[in-house]
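The block underneath contains the structure these notes are about, expressed in structure tokens.
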Amino acid sequence: MPLWLSVYASQEIALSDGIAIELRDVVKAFGDVHAVDHVSLQIRDGEFFSLLGPSGCGKTTSLRMIAGFEYPTSGKILIHGREMSSTPPYQRPVNTVFQSYALFPHMSVEQNVAFGLEMKRVPKAELGPRVQEALEMVRLSGYGARRPRQLSGGQQQRVALARALVNRPEVLLLDEPLGALDQKLRKEMQLELKGLQERVGITFIFVTHDQEEALTMSDRIAVMSHGKVLQVGTPTEIYERPSCRFVADFIGETNFVEGRVVESAGGYATIETSDGIRLRGCSARPLSSGTVATLSIRPEKVRLLPQGEGNPSAENALPVRVERINYIGSDTRITVRISDERTLNAWEQNDRSTVDRNAYWQPGEESLLVCPADNALVLTE
Amino acid sequence: MRPYGPPLTHGGPTMALDTLQKQRQRSSRLRLAGLLGPGAFWLTLFFAMPLVIILLYSFMTAGPRGNVIWQATFEQYTTLFTKDIYVNAYTRSIWASVLTTLICLLIGYPLALFIARSPQAWRTPLLFLILIPFWTNFLVRIYAWQIILSNNGLINSAFQALGLPTQTLLYTENATLLGLVYGELPFMVLPLYASLDRFDFTLMEAAADLGASRWRAFLRVMLPITMPGIAAGSVLVFIPTIGQFVVSELLGGAKVDYIGNLLQRLFLRSNPPNWPLGSAMAVVMMGVLMILIMLYFRSTTEEDR
């Protein structure tokens, strides 16, 4: 980068206060359908940011608007403080890794990687070394002369990464790039991608429907549904303090207990179910009595005590009967009945090394379920 | 105690295997002959034989009553490459075919692209529209063009109504070109459509993402990837055009000679007919086409490598 350009760029970045991408009240309508519905987001410089949601939630459309393949119906998109809502893709300082990789089949790996630099008329002397450097970065040096179709899925994926990163984009956009890979390779690539992002220090925006993937890799996650952003936060915030029922349900697994608020104070709320069970959990805000609410308890945060142990009259302690047991190796997933209409799932880690079946729960056994109020969450949406 | 299987005599199983293999080989050879036979017979009778006859005739001498005298000579080829009328016919035909192919490509590519980018439900009807002209005989359609282009035809009537002077449209070389493009366009559009329909348009987004404007993305990505379609369409248009004689006669007014016109004349109309010269002319034409087809195959195999 010439000196004057780098100065210019750094000033721009300074002006944007460390915000790489900003979406301001962005709407994208296809006919009557609002694929993206008044979305506002700020993505920081150097951040690994994930857009997470089920298919059709608007995450890919949002990414395509940042890339410039779609223009917003209303609202603004800023890249490092510069308004780019209607700038064509080839003039934006971002690059994309496509779900299908979209490698040029008629070009060699090297030609694919060199394409972006050629378009920017980077001099030949600089082009060769930069292409090699990019291929080395993704551990594919020596594969330059091959055609994309002669490579495995994982290798094609890495070529797509090199082809995008060689341009030194301000932001890298990744549209479900691991979707086509098998489970094992996927896990490897997750770590590799995260490592790569930390090395190059470029902002990554990563679109995925896989919550585990988002939790593993992201600095922050935006959970989307029906074109709206429901919650933005770090993986722990999203998992431990979901803002609504949808997020709690979509990220990880949880038990829901519906009821009405009977008491609320000091960051906690107590609900009572129609069959008289009272449970207390954290609440982000005070709730008035009678409000319909849902208590969310993660199954791994529930403890099951053998009969006779623990105090049945303590807070959030319920006498239960073990109903089903599902041994899956690292833990045992137990379904317990808390009332005639309700069951809960509890996961117990198998921290004892034994093949004695009696060491675990048996169906029909009586037990005491305990769940501290700090581990439960009262949600109203 | 072994009720099933071959007897356990020494060497028995291998012998049985040998004969079995031989039997299988024989039967497979028979089946192959049975399958290939009719096709081979057909090709020999209707393709190879006429070709050999034409090749033989082209080296014979023309008799005074239109007969062929069995006396070997290079005279026909010398005539072809020295007399202006033949040399001109070749250059004219090749030039007209090149022009027709190029114009068909320039019209056909955007048209095929438009169809390939249309919503799924529209594509079949649009392709159908391209094919509809084939329902009418080609000659009839060319006569229809005469009616459109003639001095008191559709276009000139419109000109007169607007007070514009009459334009001579029919019996010009441009009319020939128009007729050729009109007739051959579907043969260009169909292979182009086939290759554009398979084209992954995400690649155009990838190119744009990497900084290519629409035009550069087209030149660097779409054009090379759809090259087999372009080559196929061009061959399909070029080959029939180089031998045509109907269009140049009906729309061009037979004012200038194309290869097809000369061929037709040498074989049927001239008095006496000259079959050896006509055969030589056909052989040279085939030679030209052969070279082009070889170029085509080379371009497509390179694409597949």
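Numbering starts fresh at 1 for the residues of each chain in the structure tokens, the chains themselves are lettered A, B, ... in the order given, and ligands are numbered from 1 as they appear.
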Taking the DSSP assignment computed from this structure's backbone, write out as a PyMOL selection string all residues of region 50-270 of chain B that belong to alpha helix (DSSP H).
-> chain B and resi 50-57+75-82+84-117+120-131+138-149+154-161+173-198+202-209+214-217+223-225+227-243+246-250+259-264
Identify every residue of chain B that has at least one atom within 7 Å of any atom of chain A, counting only C-alpha atoms, and report the result as a PyMOL selection string.
-> chain B and resi 202-203+206+208-213+225
Tyr90 (chain B) surroundings by only C-alpha atoms, 8 Å radius, close-in-sequence under 4 positions cut, as a VMD selection string | chain B and resid 86 94 258 to 259
What is the distance, in Å and to one decimal place, between CA of Ile251 (chain A) and CA of Asp175 (chain A)?
->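 Those two atoms sit 19.4 Å apart.
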